[in-house]
>>> print(open('coords.csv').read())   # CSV, C-alpha atoms and all ligand atoms
chain,number,residue,atom,x,y,z
A,1,MET,CA,155.3,145.2,88.8
A,2,GLY,CA,157.2,146.4,85.7
A,3,THR,CA,158.1,149.9,84.7
A,4,LEU,CA,155.0,152.2,84.7
A,5,ARG,CA,154.5,154.9,82.1
A,6,ILE,CA,153.8,158.4,83.2
A,7,LEU,CA,152.8,161.3,81.1
A,8,SER,CA,153.2,164.8,82.5
A,9,GLY,CA,152.9,168.1,80.8
A,10,MET,CA,152.8,171.9,81.0
A,11,ARG,CA,151.4,174.6,78.8
A,12,PRO,CA,154.2,176.5,76.9
A,13,THR,CA,154.1,179.9,78.7
A,14,GLY,CA,157.8,180.8,78.3
A,15,GLN,CA,160.4,181.0,81.0
A,16,LEU,CA,159.4,179.1,84.2
A,17,HIS,CA,159.5,180.4,87.7
A,18,LEU,CA,160.2,178.9,91.1
A,19,GLY,CA,156.6,177.8,91.5
A,20,HIS,CA,156.9,175.5,88.5
A,21,TYR,CA,160.2,174.2,89.9
A,22,THR,CA,159.0,173.2,93.3
A,23,GLY,CA,155.5,172.4,92.1
A,24,ALA,CA,156.4,170.1,89.2
A,25,LEU,CA,159.9,170.0,87.7
A,26,GLU,CA,161.7,168.7,90.8
A,27,SER,CA,159.3,165.8,91.1
A,28,TRP,CA,159.5,165.1,87.3
A,29,VAL,CA,163.2,164.8,87.5
A,30,GLN,CA,162.9,162.5,90.5
A,31,GLN,CA,160.4,160.3,88.7
A,32,GLN,CA,162.6,160.2,85.7
A,33,ASN,CA,165.6,159.0,87.6
A,34,LEU,CA,163.9,156.7,90.2
A,35,LEU,CA,165.3,153.1,90.1
A,36,THR,CA,164.2,150.0,91.9
A,37,GLU,CA,166.6,148.0,94.1
A,38,ASP,CA,167.7,145.9,91.1
A,39,GLY,CA,168.5,149.0,89.1
A,40,SER,CA,165.5,149.0,86.7
A,41,LYS,CA,163.4,152.1,86.1
A,42,VAL,CA,160.3,152.6,88.2
A,43,TYR,CA,158.8,155.0,85.7
A,44,GLU,CA,159.0,155.5,82.0
A,45,THR,CA,158.5,159.3,81.8
A,46,CYS,CA,157.2,161.3,78.8
A,47,PHE,CA,156.8,165.1,78.9
A,48,LEU,CA,154.2,166.9,76.9
A,49,ILE,CA,154.3,170.5,75.8
A,50,ALA,CA,150.5,171.1,75.9
A,51,ASP,CA,150.2,173.8,73.3
A,52,TYR,CA,146.6,173.0,72.3
A,53,HIS,CA,145.7,173.5,76.0
A,54,ASN,CA,147.0,177.1,75.7
A,55,LEU,CA,144.1,177.8,73.3
A,56,THR,CA,141.5,177.1,76.0
A,57,THR,CA,142.3,180.4,77.6
A,58,SER,CA,144.1,182.5,75.0
A,59,LEU,CA,143.9,182.6,71.2
A,60,GLU,CA,147.3,184.3,70.9
A,61,THR,CA,149.8,182.0,69.1
A,62,GLY,CA,152.4,184.5,67.9
A,63,GLU,CA,155.0,183.7,70.6
A,64,ILE,CA,154.2,180.0,71.0
A,65,TYR,CA,157.4,178.6,69.5
A,66,ARG,CA,159.6,181.0,71.4
A,67,ASN,CA,157.7,180.2,74.6
A,68,THR,CA,158.0,176.5,73.8
A,69,LEU,CA,161.8,176.7,73.5
A,70,ASP,CA,162.1,178.9,76.6
A,71,MET,CA,160.2,176.4,78.6
A,72,LEU,CA,162.0,173.4,77.2
A,73,ILE,CA,165.4,175.1,78.1
A,74,ASP,CA,164.2,175.4,81.7
A,75,TRP,CA,163.1,171.7,81.7
A,76,LEU,CA,166.5,170.6,80.4
A,77,ALA,CA,168.4,172.9,82.7
A,78,ALA,CA,166.4,171.5,85.7
A,79,GLY,CA,167.4,167.9,84.8
A,80,ILE,CA,165.0,166.5,82.3
A,81,ASP,CA,167.1,164.1,80.2
A,82,PRO,CA,165.7,163.7,76.6
A,83,GLU,CA,167.5,160.4,76.3
A,84,LYS,CA,165.4,159.0,79.2
A,85,SER,CA,162.2,161.1,78.6
A,86,PRO,CA,160.9,162.2,75.2
A,87,VAL,CA,159.7,165.8,75.1
A,88,PHE,CA,157.2,166.7,72.5
A,89,ARG,CA,154.5,169.2,71.4
A,90,GLN,CA,150.9,168.1,71.5
A,91,SER,CA,150.2,169.9,68.2
A,92,GLN,CA,152.8,168.0,66.3
A,93,ILE,CA,151.3,164.6,67.0
A,94,LYS,CA,148.0,164.6,65.1
A,95,GLU,CA,146.8,161.5,66.9
A,96,HIS,CA,146.0,163.7,70.0
A,97,THR,CA,143.1,165.4,68.1
A,98,GLU,CA,141.9,162.1,66.5
A,99,LEU,CA,141.7,160.4,69.9
A,100,PHE,CA,140.1,163.5,71.4
A,101,LEU,CA,137.3,163.4,68.8
A,102,LEU,CA,136.6,159.7,69.5
A,103,PHE,CA,136.7,160.2,73.3
A,104,ALA,CA,134.3,163.2,73.0
A,105,MET,CA,131.7,160.6,71.9
A,106,LEU,CA,132.1,158.7,75.2
A,107,ILE,CA,131.3,161.5,77.7
A,108,THR,CA,128.3,163.7,78.1
A,109,SER,CA,128.4,167.5,78.2
A,110,SER,CA,126.6,167.5,81.6
A,111,ARG,CA,129.4,165.4,83.0
A,112,LEU,CA,132.0,167.9,81.8
A,113,GLU,CA,129.9,170.8,83.1
A,114,ARG,CA,130.1,169.3,86.6
A,115,ASN,CA,133.9,169.3,86.6
A,116,PRO,CA,134.8,171.3,89.7
A,117,THR,CA,138.2,172.5,88.3
A,118,LEU,CA,136.4,174.1,85.4
A,119,LYS,CA,134.0,175.9,87.7
A,120,GLU,CA,137.0,177.3,89.6
A,121,GLN,CA,138.7,178.5,86.4
A,122,VAL,CA,135.5,180.2,85.2
A,123,ARG,CA,135.3,182.0,88.6
A,124,ASP,CA,139.0,182.9,88.8
A,125,LEU,CA,139.3,184.2,85.2
A,126,ASN,CA,135.9,186.0,85.4
A,127,MET,CA,134.8,184.2,82.3
A,128,GLU,CA,131.3,184.9,81.0
A,129,SER,CA,131.0,181.9,78.7
A,130,LEU,CA,133.0,178.9,77.8
A,131,THR,CA,134.2,177.7,74.4
A,132,TYR,CA,133.3,174.2,73.4
A,133,GLY,CA,137.1,173.4,73.4
A,134,HIS,CA,137.5,174.7,77.0
A,135,LEU,CA,134.6,172.6,78.2
A,136,GLY,CA,136.2,169.6,76.6
A,137,TYR,CA,139.8,170.1,77.8
A,138,PRO,CA,139.6,167.2,80.3
A,139,VAL,CA,138.7,165.0,77.3
A,140,LEU,CA,141.8,166.3,75.5
A,141,GLN,CA,143.8,165.6,78.6
A,142,ALA,CA,142.4,162.0,78.6
A,143,ALA,CA,143.5,161.6,75.0
A,144,ASP,CA,147.0,163.0,76.0
A,145,ILE,CA,147.4,160.4,78.7
A,146,LEU,CA,145.8,157.4,77.1
A,147,LEU,CA,147.5,157.9,73.7
A,148,TYR,CA,150.7,157.0,75.5
A,149,LYS,CA,148.9,154.4,77.7
A,150,GLY,CA,149.9,156.3,80.8
A,151,GLU,CA,149.4,154.0,83.8
A,152,VAL,CA,149.9,156.5,86.6
A,153,VAL,CA,149.2,160.2,86.7
A,154,PRO,CA,151.0,162.3,89.3
A,155,VAL,CA,148.5,164.9,90.5
A,156,GLY,CA,147.8,167.3,93.3
A,157,GLU,CA,144.6,166.7,95.3
A,158,ASP,CA,142.7,169.3,93.2
A,159,GLN,CA,143.4,167.5,90.0
A,160,ILE,CA,141.9,164.2,91.0
A,161,PRO,CA,138.5,165.0,89.2
A,162,HIS,CA,140.4,165.1,85.9
A,163,VAL,CA,142.0,161.8,86.4
A,164,GLU,CA,138.6,160.4,87.2
A,165,ILE,CA,137.3,161.6,83.8
A,166,THR,CA,140.2,159.9,82.1
A,167,ARG,CA,139.5,156.7,84.0
A,168,GLU,CA,135.8,156.8,83.1
A,169,ILE,CA,136.7,157.3,79.4
A,170,ALA,CA,139.2,154.5,79.4
A,171,ARG,CA,136.6,152.2,81.1
A,172,LYS,CA,133.8,153.2,78.7
A,173,PHE,CA,136.1,152.6,75.6
A,174,ASN,CA,137.2,149.2,76.9
A,175,ASN,CA,133.6,148.2,77.7
A,176,HIS,CA,132.5,149.1,74.2
A,177,TYR,CA,135.4,148.0,72.1
A,178,THR,CA,137.7,145.1,72.3
A,179,HIS,CA,140.8,144.5,70.3
A,180,PRO,CA,140.9,141.0,68.8
A,181,VAL,CA,144.4,140.3,70.0
A,182,ILE,CA,145.2,142.6,73.0
A,183,GLY,CA,141.7,142.8,74.4
A,184,GLU,CA,141.4,146.0,76.3
A,185,VAL,CA,143.2,148.8,74.6
A,186,PHE,CA,143.6,151.3,77.4
A,187,PRO,CA,144.9,151.0,81.0
A,188,GLU,CA,142.8,152.8,83.7
A,189,PRO,CA,145.5,155.2,84.9
A,190,ALA,CA,145.8,155.5,88.7
A,191,PRO,CA,146.4,158.9,90.3
A,192,ILE,CA,149.4,159.1,92.5
A,193,ILE,CA,149.0,162.0,94.9
A,194,THR,CA,152.2,164.0,94.8
A,195,LYS,CA,152.7,166.4,97.6
A,196,PHE,CA,153.5,169.3,95.3
A,197,SER,CA,155.3,172.1,97.1
A,198,ARG,CA,153.3,175.1,96.1
A,199,LEU,CA,155.1,178.5,96.5
A,200,VAL,CA,153.2,181.6,97.3
A,201,GLY,CA,154.0,184.6,95.2
A,202,LEU,CA,156.1,187.5,96.4
A,203,ASP,CA,153.0,189.4,97.1
A,204,GLY,CA,152.0,186.7,99.6
A,205,LYS,CA,148.5,186.6,98.3
A,206,ALA,CA,148.3,183.9,95.7
A,207,LYS,CA,150.5,181.2,94.1
A,208,MET,CA,153.3,182.4,91.9
A,209,SER,CA,152.0,183.4,88.5
A,210,LYS,CA,153.6,185.4,85.7
A,211,SER,CA,150.3,187.2,85.1
A,212,LEU,CA,150.3,188.4,88.7
A,213,GLY,CA,153.9,189.7,88.4
A,214,ASN,CA,154.8,188.0,91.7
A,215,THR,CA,157.5,185.5,90.5
A,216,ILE,CA,161.2,184.7,90.7
A,217,LEU,CA,162.2,183.2,87.4
A,218,LEU,CA,164.5,180.2,87.1
A,219,ALA,CA,166.6,182.3,84.8
A,220,ASP,CA,166.9,185.2,87.3
A,221,GLY,CA,170.5,185.9,88.3
A,222,PRO,CA,171.5,186.9,91.9
A,223,GLU,CA,170.9,190.6,91.4
A,224,ASP,CA,167.4,190.0,90.1
A,225,VAL,CA,166.6,187.6,92.8
A,226,LEU,CA,167.7,190.0,95.5
A,227,ARG,CA,165.8,192.9,93.8
A,228,LYS,CA,162.6,190.9,93.7
A,229,MET,CA,163.1,189.5,97.2
A,230,ARG,CA,163.2,193.1,98.5
A,231,THR,CA,159.6,193.4,97.4
A,232,ALA,CA,158.4,190.3,99.2
A,233,VAL,CA,155.7,190.7,101.7
A,234,THR,CA,156.7,189.9,105.3
A,235,ASP,CA,155.0,189.8,108.7
A,236,THR,CA,153.2,193.2,108.8
A,237,ALA,CA,153.5,193.2,112.7
A,238,LYS,CA,157.3,193.3,112.4
A,239,ILE,CA,157.9,197.0,111.6
A,240,ARG,CA,161.3,197.6,113.1
A,241,LYS,CA,164.3,195.3,112.9
A,242,ASN,CA,164.1,194.3,116.6
A,243,ASP,CA,160.4,193.8,116.7
A,244,PRO,CA,159.6,190.1,117.4
A,245,GLY,CA,158.1,188.6,114.2
A,246,HIS,CA,155.8,185.7,113.2
A,247,PRO,CA,157.6,183.6,110.6
A,248,GLU,CA,154.4,181.6,109.9
A,249,ALA,CA,152.8,184.9,108.6
A,250,CYS,CA,155.8,185.7,106.3
A,251,THR,CA,156.2,184.9,102.6
A,252,VAL,CA,160.0,185.0,102.9
A,253,PHE,CA,160.0,182.4,105.7
A,254,SER,CA,158.0,180.1,103.4
A,255,TYR,CA,160.8,180.3,100.9
A,256,HIS,CA,163.3,179.7,103.6
A,257,GLY,CA,161.4,176.5,104.4
A,258,LYS,CA,162.1,175.3,100.9
A,259,PHE,CA,165.6,176.6,100.2
A,260,ALA,CA,167.4,177.2,103.5
A,261,PRO,CA,169.5,174.3,105.0
A,262,PRO,CA,167.4,172.7,107.8
A,263,ASP,CA,169.8,173.8,110.6
A,264,GLN,CA,169.7,177.4,109.4
A,265,LEU,CA,165.9,177.3,109.3
A,266,LEU,CA,165.7,176.9,113.0
A,267,CYS,CA,168.1,179.8,113.6
A,268,ILE,CA,166.1,182.0,111.2
A,269,GLU,CA,162.9,181.2,112.9
A,270,ALA,CA,164.3,181.8,116.4
A,271,GLY,CA,166.0,185.1,115.2
A,272,CYS,CA,162.7,186.3,113.8
A,273,ARG,CA,160.7,185.5,116.9
A,274,GLU,CA,163.3,187.0,119.3
A,275,GLY,CA,163.7,190.1,117.1
A,276,SER,CA,167.4,189.6,116.7
A,277,LEU,CA,167.0,189.1,112.9
A,278,GLY,CA,165.7,191.9,110.8
A,279,CYS,CA,163.8,191.5,107.6
A,280,VAL,CA,166.5,193.2,105.4
A,281,ASP,CA,169.1,190.7,106.4
A,282,CYS,CA,166.6,187.8,106.3
A,283,LYS,CA,165.7,188.6,102.8
A,284,LYS,CA,169.4,188.9,101.7
A,285,MET,CA,169.9,185.4,103.2
A,286,CYS,CA,166.9,184.0,101.4
A,287,ALA,CA,167.9,185.5,98.1
A,288,ALA,CA,171.3,183.9,98.5
A,289,TYR,CA,169.9,180.5,99.2
A,290,ILE,CA,167.6,180.7,96.2
A,291,SER,CA,170.5,181.9,93.9
A,292,GLN,CA,172.6,179.0,95.2
A,293,GLU,CA,169.9,176.6,94.1
A,294,LEU,CA,169.5,178.3,90.7
A,295,GLU,CA,173.2,178.7,89.9
A,296,PRO,CA,173.6,175.3,88.1
A,297,LEU,CA,170.3,175.8,86.3
A,298,ILE,CA,171.4,179.2,85.0
A,299,GLU,CA,174.7,177.8,83.8
A,300,LYS,CA,173.0,175.0,81.9
A,301,ARG,CA,170.4,177.4,80.6
A,302,ARG,CA,173.2,179.6,79.2
A,303,ASP,CA,174.7,176.6,77.5
A,304,TYR,CA,171.5,175.5,75.9
A,305,GLU,CA,170.7,179.1,74.8
A,306,SER,CA,174.0,179.2,72.9
A,307,HIS,CA,173.2,175.9,71.3
A,308,ILE,CA,169.6,176.5,70.3
A,309,ASP,CA,169.7,174.2,67.3
A,310,LEU,CA,170.5,171.4,69.8
A,311,VAL,CA,167.3,172.3,71.7
A,312,LYS,CA,165.3,172.3,68.5
A,313,ASN,CA,166.6,168.9,67.6
A,314,ILE,CA,165.8,167.5,71.1
A,315,LEU,CA,162.2,168.5,70.4
A,316,LEU,CA,162.1,167.0,66.9
A,317,GLU,CA,163.6,163.7,68.2
A,318,GLY,CA,161.2,163.6,71.1
A,319,GLU,CA,158.3,164.2,68.6
A,320,ALA,CA,159.6,161.3,66.4
A,321,LYS,CA,159.6,159.0,69.4
A,322,ALA,CA,156.1,160.1,70.5
A,323,LYS,CA,154.7,159.6,67.0
A,324,VAL,CA,155.7,155.9,67.0
A,325,ILE,CA,153.8,155.3,70.2
A,326,ALA,CA,150.8,157.4,69.2
A,327,ARG,CA,150.5,155.7,65.8
A,328,ASN,CA,150.6,152.3,67.4
A,329,THR,CA,147.9,153.2,69.9
A,330,MET,CA,145.6,154.7,67.2
A,331,GLN,CA,146.1,151.6,65.0
A,332,GLU,CA,144.8,149.5,68.0
A,333,VAL,CA,142.0,151.9,68.5
A,334,ARG,CA,140.9,151.7,64.9
A,335,THR,CA,141.1,148.0,64.9
A,336,ALA,CA,139.1,147.7,68.1
A,337,MET,CA,136.5,150.1,66.7
A,338,ARG,CA,136.5,148.4,63.3
A,339,LEU,CA,137.1,151.7,61.6
A,340,GLY,CA,138.5,151.5,58.1
A,341,GLU,CA,137.6,147.9,57.4
A,342,THR,CA,137.2,147.1,53.7
A,343,THR,CA,135.5,143.8,53.9
B,1,LIG,S1,162.7,188.3,109.9
B,1,LIG,FE1,162.5,187.0,108.1
B,1,LIG,S2,161.0,185.5,108.6
B,1,LIG,FE2,160.8,187.2,110.1
B,1,LIG,S3,159.2,188.6,109.2
B,1,LIG,FE3,161.2,189.3,108.6
B,1,LIG,S4,161.6,188.3,106.6
B,1,LIG,FE4,159.9,187.2,107.6
>>> encode(input="coords.csv", output="structure tokens")
Amino acid sequence: MGTLRILSGMRPTGQLHLGHYTGALESWVQQQNLLTEDGSKVYETCFLIADYHNLTTSLETGEIYRNTLDMLIDWLAAGIDPEKSPVFRQSQIKEHTELFLLFAMLITSSRLERNPTLKEQVRDLNMESLTYGHLGYPVLQAADILLYKGEVVPVGEDQIPHVEITREIARKFNNHYTHPVIGEVFPEPAPIITKFSRLVGLDGKAKMSKSLGNTILLADGPEDVLRKMRTAVTDTAKIRKNDPGHPEACTVFSYHGKFAPPDQLLCIEAGCREGSLGCVDCKKMCAAYISQELEPLIEKRRDYESHIDLVKNILLEGEAKAKVIARNTMQEVRTAMRLGETT
């Protein structure tokens, strides 16, 4: 099996937080750098800044470029290497919308209305009605993936329905249209279930989210991390320092599980249960582990921030690379569909 192409993306929402880091960025960097025994790449990774997808839930675009650069700086600081993985904005590759339009003819609205992820979004965001674009966002996602002929899609269990829609669209296109030379234009991308490590927010109620104000940003320095950590919800049954606690009911312990050295984790758990460890000290320790993890990212972030033209160029170069792939795919699509023939 040769190198497989993966397309992953995020909406440009500005500076990223620890939830983005453990939930996606860390595995993106691993996929980017993964080599086979003979030293060849397992994956060819491409990273999409999904700015059109932002519009499904907000029409505000005033900060979109600033947010794009902020997010890209976090990607780069976390280890995304633009020499290995092109980074590009969806809105700058016009073929995304062209393929989206063609794909929209291959799927029924009732199929999209049955999308369980959409139903959850409508419920979580208290939406009274949906725009046509929001209903169709799995179709845009299919265009995003298939424009670059993504062969695998790393997803959490909850996103499998989206990949299924992409596979259905690829199948339907290939059944209807055949390219005279290459035959089937699109691969049917396979989902690979990634065990994303989701972090609960500081409030302990939901996942980390900027809109809920329960995050630690990747750009937060040690003082900010400690200040925020002091607000983290702990086991409510542990009121005094020496009360025995229940780490499994504590937000801070869930962070320790991700950031503390494994041998320390056992001591923290035992200390909490025995009542020899108090929450104030435990939070200080946790903040220190997180800051230790973030230190190299913050240093790199500072460097990129002081060379913002370099970051802008990385984006332009990524977009130039993406355009070549996108143009080729659309040429194949038009040929297979016999669009634009003159005789
Ligand atoms: S000691 Fe640590 S793990 Fe135990 S409840 Fe307090 S903060 Fe949570």
>>> residues_around(input="coords.csv", residues="Glu184 in chain A", least_positions_apart="2", cutoff="12 Å", atoms="only C-alpha atoms", output="PyMOL selection string")
chain A and resi 149+170-182+186-188+329+332-333+335-337
>>> closest_atom_pairs(input="coords.csv", of="chain A", to="ligand LIG 1 (chain B)", cutoff="10 Å", atoms="all atoms listed in the file", output="tab-separated table")
residue	atom	partner	partner_atom	distance
A:Met229	CA	B:LIG1	S4	9.6
A:Arg230	CA	B:LIG1	S4	9.6
A:Ala232	CA	B:LIG1	S4	8.3
A:Val233	CA	B:LIG1	S4	8.0
A:Thr234	CA	B:LIG1	FE4	4.8
A:Asp235	CA	B:LIG1	S3	4.4
A:Thr236	CA	B:LIG1	S3	7.6
A:Ala237	CA	B:LIG1	S3	8.1
A:Lys238	CA	B:LIG1	S3	6.0
A:Ile239	CA	B:LIG1	S3	8.8
A:Arg240	CA	B:LIG1	FE3	9.4
A:Lys241	CA	B:LIG1	S1	7.8
A:Asn242	CA	B:LIG1	S1	9.1
A:Asp243	CA	B:LIG1	S1	9.0
A:Pro244	CA	B:LIG1	FE2	7.9
A:Gly245	CA	B:LIG1	FE2	5.1
A:His246	CA	B:LIG1	S3	6.0
A:Pro247	CA	B:LIG1	S2	4.4
A:Glu248	CA	B:LIG1	S2	7.8
A:Ala249	CA	B:LIG1	S3	7.4
A:Cys250	CA	B:LIG1	FE4	4.6
A:Thr251	CA	B:LIG1	FE4	6.6
A:Val252	CA	B:LIG1	FE4	5.2
A:Phe253	CA	B:LIG1	S2	4.4
A:Ser254	CA	B:LIG1	S2	8.1
A:Tyr255	CA	B:LIG1	S2	9.3
A:His256	CA	B:LIG1	S2	8.0
A:Gly257	CA	B:LIG1	S2	9.9
A:Leu265	CA	B:LIG1	S2	9.6
A:Ile268	CA	B:LIG1	S2	6.7
A:Glu269	CA	B:LIG1	S2	6.4
A:Ala270	CA	B:LIG1	FE2	9.0
A:Gly271	CA	B:LIG1	S1	7.0
A:Cys272	CA	B:LIG1	FE2	4.3
A:Arg273	CA	B:LIG1	FE2	7.0
A:Glu274	CA	B:LIG1	S1	9.5
A:Gly275	CA	B:LIG1	S1	7.5
A:Ser276	CA	B:LIG1	S1	8.4
A:Leu277	CA	B:LIG1	S1	5.3
A:Gly278	CA	B:LIG1	S1	4.8
A:Cys279	CA	B:LIG1	FE3	3.5
A:Val280	CA	B:LIG1	S4	7.0
A:Asp281	CA	B:LIG1	S1	7.7
A:Cys282	CA	B:LIG1	FE1	4.5
A:Lys283	CA	B:LIG1	S4	5.6
A:Lys284	CA	B:LIG1	S4	9.2
A:Met285	CA	B:LIG1	FE1	9.0
A:Cys286	CA	B:LIG1	FE1	8.6
>>> write_last_selection(input="coords.csv", atoms="C-alpha atoms", output="short mmCIF file (atom, residue, chain, number, x, y, z; two decimals), in the frame of the given file")
data_model
loop_
_atom_site.label_atom_id
_atom_site.label_comp_id
_atom_site.auth_asym_id
_atom_site.auth_seq_id
_atom_site.Cartn_x
_atom_site.Cartn_y
_atom_site.Cartn_z
CA MET A 229 163.10 189.50 97.20
CA ARG A 230 163.20 193.10 98.50
CA ALA A 232 158.40 190.30 99.20
CA VAL A 233 155.70 190.70 101.70
CA THR A 234 156.70 189.90 105.30
CA ASP A 235 155.00 189.80 108.70
CA THR A 236 153.20 193.20 108.80
CA ALA A 237 153.50 193.20 112.70
CA LYS A 238 157.30 193.30 112.40
CA ILE A 239 157.90 197.00 111.60
CA ARG A 240 161.30 197.60 113.10
CA LYS A 241 164.30 195.30 112.90
CA ASN A 242 164.10 194.30 116.60
CA ASP A 243 160.40 193.80 116.70
CA PRO A 244 159.60 190.10 117.40
CA GLY A 245 158.10 188.60 114.20
CA HIS A 246 155.80 185.70 113.20
CA PRO A 247 157.60 183.60 110.60
CA GLU A 248 154.40 181.60 109.90
CA ALA A 249 152.80 184.90 108.60
CA CYS A 250 155.80 185.70 106.30
CA THR A 251 156.20 184.90 102.60
CA VAL A 252 160.00 185.00 102.90
CA PHE A 253 160.00 182.40 105.70
CA SER A 254 158.00 180.10 103.40
CA TYR A 255 160.80 180.30 100.90
CA HIS A 256 163.30 179.70 103.60
CA GLY A 257 161.40 176.50 104.40
CA LEU A 265 165.90 177.30 109.30
CA ILE A 268 166.10 182.00 111.20
CA GLU A 269 162.90 181.20 112.90
CA ALA A 270 164.30 181.80 116.40
CA GLY A 271 166.00 185.10 115.20
CA CYS A 272 162.70 186.30 113.80
CA ARG A 273 160.70 185.50 116.90
CA GLU A 274 163.30 187.00 119.30
CA GLY A 275 163.70 190.10 117.10
CA SER A 276 167.40 189.60 116.70
CA LEU A 277 167.00 189.10 112.90
CA GLY A 278 165.70 191.90 110.80
CA CYS A 279 163.80 191.50 107.60
CA VAL A 280 166.50 193.20 105.40
CA ASP A 281 169.10 190.70 106.40
CA CYS A 282 166.60 187.80 106.30
CA LYS A 283 165.70 188.60 102.80
CA LYS A 284 169.40 188.90 101.70
CA MET A 285 169.90 185.40 103.20
CA CYS A 286 166.90 184.00 101.40
#
>>> closest_residue(input="coords.csv", among="A:Ile145, A:Val185, A:Val311, A:Leu34", to="Asn328 in chain A", atoms="all atoms listed in the file")
A:Val185
>>> atom_distance(input="coords.csv", atom1="CA of Leu218 in chain A", atom2="CA of Gly14 in chain A")
11.1 Å
>>> residues_around(input="coords.csv", residues="Thr61 in chain A", least_positions_apart="6", cutoff="12 Å", atoms="only C-alpha atoms", output="PyMOL selection string")
chain A and resi 12-13+51-55+67-68
>>> closest_residue(input="coords.csv", among="A:Asp309, A:Glu151, A:Asp224, A:Glu168", to="Cys46 in chain A", atoms="only C-alpha atoms")
A:Glu151
>>> residues_near_point(input="coords.csv", point="(151.2, 155.7, 90.2)", cutoff="12 Å", atoms="all atoms listed in the file", output="JSON, numbers by chain")
{"A": [1, 2, 3, 4, 5, 6, 7, 31, 42, 43, 44, 45, 150, 151, 152, 153, 154, 155, 163, 188, 189, 190, 191, 192, 193, 194]}
>>> write_last_selection(input="coords.csv", atoms="C-alpha atoms", output="mmCIF file, in the coordinates of the input")
data_model
loop_
_atom_site.group_PDB
_atom_site.id
_atom_site.type_symbol
_atom_site.label_atom_id
_atom_site.label_comp_id
_atom_site.auth_asym_id
_atom_site.auth_seq_id
_atom_site.Cartn_x
_atom_site.Cartn_y
_atom_site.Cartn_z
ATOM 1 C CA MET A 1 155.300 145.200 88.800
ATOM 2 C CA GLY A 2 157.200 146.400 85.700
ATOM 3 C CA THR A 3 158.100 149.900 84.700
ATOM 4 C CA LEU A 4 155.000 152.200 84.700
ATOM 5 C CA ARG A 5 154.500 154.900 82.100
ATOM 6 C CA ILE A 6 153.800 158.400 83.200
ATOM 7 C CA LEU A 7 152.800 161.300 81.100
ATOM 8 C CA GLN A 31 160.400 160.300 88.700
ATOM 9 C CA VAL A 42 160.300 152.600 88.200
ATOM 10 C CA TYR A 43 158.800 155.000 85.700
ATOM 11 C CA GLU A 44 159.000 155.500 82.000
ATOM 12 C CA THR A 45 158.500 159.300 81.800
ATOM 13 C CA GLY A 150 149.900 156.300 80.800
ATOM 14 C CA GLU A 151 149.400 154.000 83.800
ATOM 15 C CA VAL A 152 149.900 156.500 86.600
ATOM 16 C CA VAL A 153 149.200 160.200 86.700
ATOM 17 C CA PRO A 154 151.000 162.300 89.300
ATOM 18 C CA VAL A 155 148.500 164.900 90.500
ATOM 19 C CA VAL A 163 142.000 161.800 86.400
ATOM 20 C CA GLU A 188 142.800 152.800 83.700
ATOM 21 C CA PRO A 189 145.500 155.200 84.900
ATOM 22 C CA ALA A 190 145.800 155.500 88.700
ATOM 23 C CA PRO A 191 146.400 158.900 90.300
ATOM 24 C CA ILE A 192 149.400 159.100 92.500
ATOM 25 C CA ILE A 193 149.000 162.000 94.900
ATOM 26 C CA THR A 194 152.200 164.000 94.800
#
>>> closest_residue(input="coords.csv", among="A:Glu164, A:Glu317, A:Ala142, A:Leu72", to="Asn115 in chain A", atoms="only C-alpha atoms")
A:Glu164
>>> atom_distance(input="coords.csv", atom1="CA of Lys119 in chain A", atom2="CA of Tyr21 in chain A")
26.3 Å
>>> closest_residue(input="coords.csv", among="A:Gly156, A:Met71, A:Ser211, A:Gly201", to="Leu125 in chain A", atoms="all atoms listed in the file")
A:Ser211
>>> atom_distance(input="coords.csv", atom1="CA of Glu120 in chain A", atom2="CA of Leu99 in chain A")
26.4 Å
>>> closest_residue(input="coords.csv", among="A:Thr117, A:Gln264, A:Gln90, A:Asn33", to="Pro138 in chain A", atoms="only C-alpha atoms")
A:Thr117
>>> closest_residue(input="coords.csv", among="A:Ile93, A:Ala77, A:Val29, A:Leu35", to="Glu319 in chain A", atoms="only C-alpha atoms")
A:Ile93
>>> residues_near_point(input="coords.csv", point="(165.6, 186.5, 89.5)", cutoff="12 Å", atoms="only C-alpha atoms", output="ChimeraX atom specification")
/A:15-18,202,214-230,287-288,290-295,298
>>> write_last_selection(input="coords.csv", atoms="C-alpha atoms", output="CSV table (one decimal), keeping the file's coordinate frame")
chain,number,residue,atom,x,y,z
A,15,GLN,CA,160.4,181.0,81.0
A,16,LEU,CA,159.4,179.1,84.2
A,17,HIS,CA,159.5,180.4,87.7
A,18,LEU,CA,160.2,178.9,91.1
A,202,LEU,CA,156.1,187.5,96.4
A,214,ASN,CA,154.8,188.0,91.7
A,215,THR,CA,157.5,185.5,90.5
A,216,ILE,CA,161.2,184.7,90.7
A,217,LEU,CA,162.2,183.2,87.4
A,218,LEU,CA,164.5,180.2,87.1
A,219,ALA,CA,166.6,182.3,84.8
A,220,ASP,CA,166.9,185.2,87.3
A,221,GLY,CA,170.5,185.9,88.3
A,222,PRO,CA,171.5,186.9,91.9
A,223,GLU,CA,170.9,190.6,91.4
A,224,ASP,CA,167.4,190.0,90.1
A,225,VAL,CA,166.6,187.6,92.8
A,226,LEU,CA,167.7,190.0,95.5
A,227,ARG,CA,165.8,192.9,93.8
A,228,LYS,CA,162.6,190.9,93.7
A,229,MET,CA,163.1,189.5,97.2
A,230,ARG,CA,163.2,193.1,98.5
A,287,ALA,CA,167.9,185.5,98.1
A,288,ALA,CA,171.3,183.9,98.5
A,290,ILE,CA,167.6,180.7,96.2
A,291,SER,CA,170.5,181.9,93.9
A,292,GLN,CA,172.6,179.0,95.2
A,293,GLU,CA,169.9,176.6,94.1
A,294,LEU,CA,169.5,178.3,90.7
A,295,GLU,CA,173.2,178.7,89.9
A,298,ILE,CA,171.4,179.2,85.0
